[in-house]
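J.: This is the structure I want to talk about, given as structure tokens.
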Amino acid sequence: MINQVARNIFKITVPIPFPLRTVNVYALVGDNGWAMIDTSMGTPDTREALWEGLEQAGLRLEELRTIVLSHHHPDHVGLSGELYERSDATIFMHPIDANAIAVLWSGTMRERFGRVSGFFQQHGMPATEFWFTQVEPDVMRNLIRVPPQETITHVEDGETITLAGEQYRVIWTPGHSDGHICLFRERDGVFIAADHVLPRITPNIGLYSEKDRVNPLGDYLNS
């Protein structure tokens, strides 16, 4: 489903295989190409909905200039590597979550979530199997493929970036993830919140490891 939510800004809602059921991808359209905020992931249903939405908006990957990844969760970064390969777009991300995708989705996932499971067990949770341990590597590569670490441009809180000819201020909002960012267009108040603000519920706030920021709920409330 696609909606034009502001002038030259399209929201494409696509299905995901998680309890929230959908995720939003935004396309910001300019005179010389366009920018994408988050990319969804590579399930067949998600791909079909995303390609259909882009076609309805008249957008071609050859004209994709910039990708902003709000945070490292798979439903926001899963197609980022593939889209980068097809467009050579500039990729922006906060350094905390840019480092996280290198750990999570670049071959060390089992080791990382082994530590997560151990951390949970220390605090009384039962041992669990994670969904991706059941997925074949070739299938996983279609679902979640991230770009090489060296292709990601780090952006910090307060920094201004140009997207589709417009200026947006990066706002670091840790909580849902340690490196979550939002975008604010000061000239008219357009605010792209990603998962920091959701329509009917609060986002999931979790502590997964002793290596994470120590108080994600406090971070979220401050954000």
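Residues are referred to by chain and number: the chain letter is A, B, ... according to the order shown in the structure tokens, the number counts from 1 in that chain, and ligands are numbered separately from 1 in the order shown.
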May I have the residues within 10 Å of Thr66 in chain A as an MDAnalysis selection string, using only C-alpha atoms and disregarding those fewer than 4 positions away in the same chain?

T.: chainID A and resid 27:28 33:37 84 87:92 162:164

J.: In Å, with one decimal, what is the gap from CA of Glu186 in chain A to CA of Ile101 in chain A?

T.: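 For CA of Glu186 in chain A relative to CA of Ile101 in chain A, the distance reads 29.3 Å.
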
J.: Just checking: using only C-alpha atoms, which residue out of A:Asn32, A:Val170, A:Gly158, A:Ile144 ends up closest to Glu82 in chain A?

T.: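 The shortest atom-to-atom distance to Glu82 in chain A comes from A:Ile144.
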
J.: Which neighbours of Arg21 in chain A fall inside 12 Å, counting only C-alpha atoms, when residues of the same chain fewer than 5 positions from it are skipped, and could you give them as an MDAnalysis selection string?

T.: chainID A and resid 13:16 40 45:46 75

J.: Would you mind exporting the chosen residues as a compact mmCIF listing (two decimals), in the first residue's frame, restricted to N, CA, C and O atoms?

T.:
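See result26.txt below for the written result:
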```txt
# COMPACT_ATOMS: atom_id res chain seq x y z
N THR A 13 3.77 0.85 2.70
CA THR A 13 3.57 -0.10 3.80
C THR A 13 3.64 -1.51 3.23
O THR A 13 2.89 -1.86 2.31
N VAL A 14 4.55 -2.31 3.78
CA VAL A 14 4.78 -3.66 3.25
C VAL A 14 4.63 -4.68 4.37
O VAL A 14 4.86 -4.38 5.55
N PRO A 15 4.26 -5.92 4.04
CA PRO A 15 4.09 -6.95 5.06
C PRO A 15 5.43 -7.50 5.53
O PRO A 15 6.40 -7.57 4.77
N ILE A 16 5.50 -7.91 6.80
CA ILE A 16 6.67 -8.57 7.37
C ILE A 16 6.19 -9.76 8.21
O ILE A 16 5.08 -9.74 8.73
N SER A 40 12.94 -2.33 4.41
CA SER A 40 12.21 -3.58 4.67
C SER A 40 13.15 -4.77 4.51
O SER A 40 14.36 -4.62 4.61
N ASP A 45 6.56 -11.72 -0.15
CA ASP A 45 5.45 -10.78 -0.03
C ASP A 45 5.96 -9.34 0.12
O ASP A 45 5.38 -8.41 -0.45
N THR A 46 7.02 -9.18 0.91
CA THR A 46 7.57 -7.85 1.10
C THR A 46 8.12 -7.30 -0.20
O THR A 46 7.88 -6.14 -0.57
N ASP A 75 13.80 -5.89 9.66
CA ASP A 75 12.72 -5.38 8.82
C ASP A 75 13.00 -3.96 8.33
O ASP A 75 12.21 -3.42 7.54
```

J.: Taking the chain letters and numbering used in this document, name the residues of range 8-219 of chain A that DSSP puts in strand (DSSP E or B), as a PyMOL selection string.

T.: chain A and resi 9-15+22-30+33-37+64-68+90-93+152-154+160-163+166-172+181-185+190-192

J.: Asp188 in chain A: which residues within 12 Å, counting only C-alpha atoms, same-chain residues fewer than 6 positions away excluded, as number ranges by chain?

T.: A: 6-7, 166-168

J.: Quick one: residues within 12 Å of Gly175 in chain A, only C-alpha atoms counted, chain neighbours fewer than 2 positions away excluded, as a ChimeraX atom specification?

T.: /A:71,97,172-173,177-181,195-197,202-207,212-223

J.: Can you check which residues of range 36-103 of chain A DSSP gives as alpha helix (DSSP H) on the backbone and send them as an MDAnalysis selection string?

T.: chainID A and resid 44:56 74:77 80:87 95:103

J.: Would you mind telling me which residue in A:Met93, A:Arg65, A:Tyr208, A:Pro199 lies nearest to Ser117 in chain A when using only C-alpha atoms?

T.: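 Among A:Met93, A:Arg65, A:Tyr208, A:Pro199, it is A:Tyr208 that comes nearest to Ser117 in chain A.
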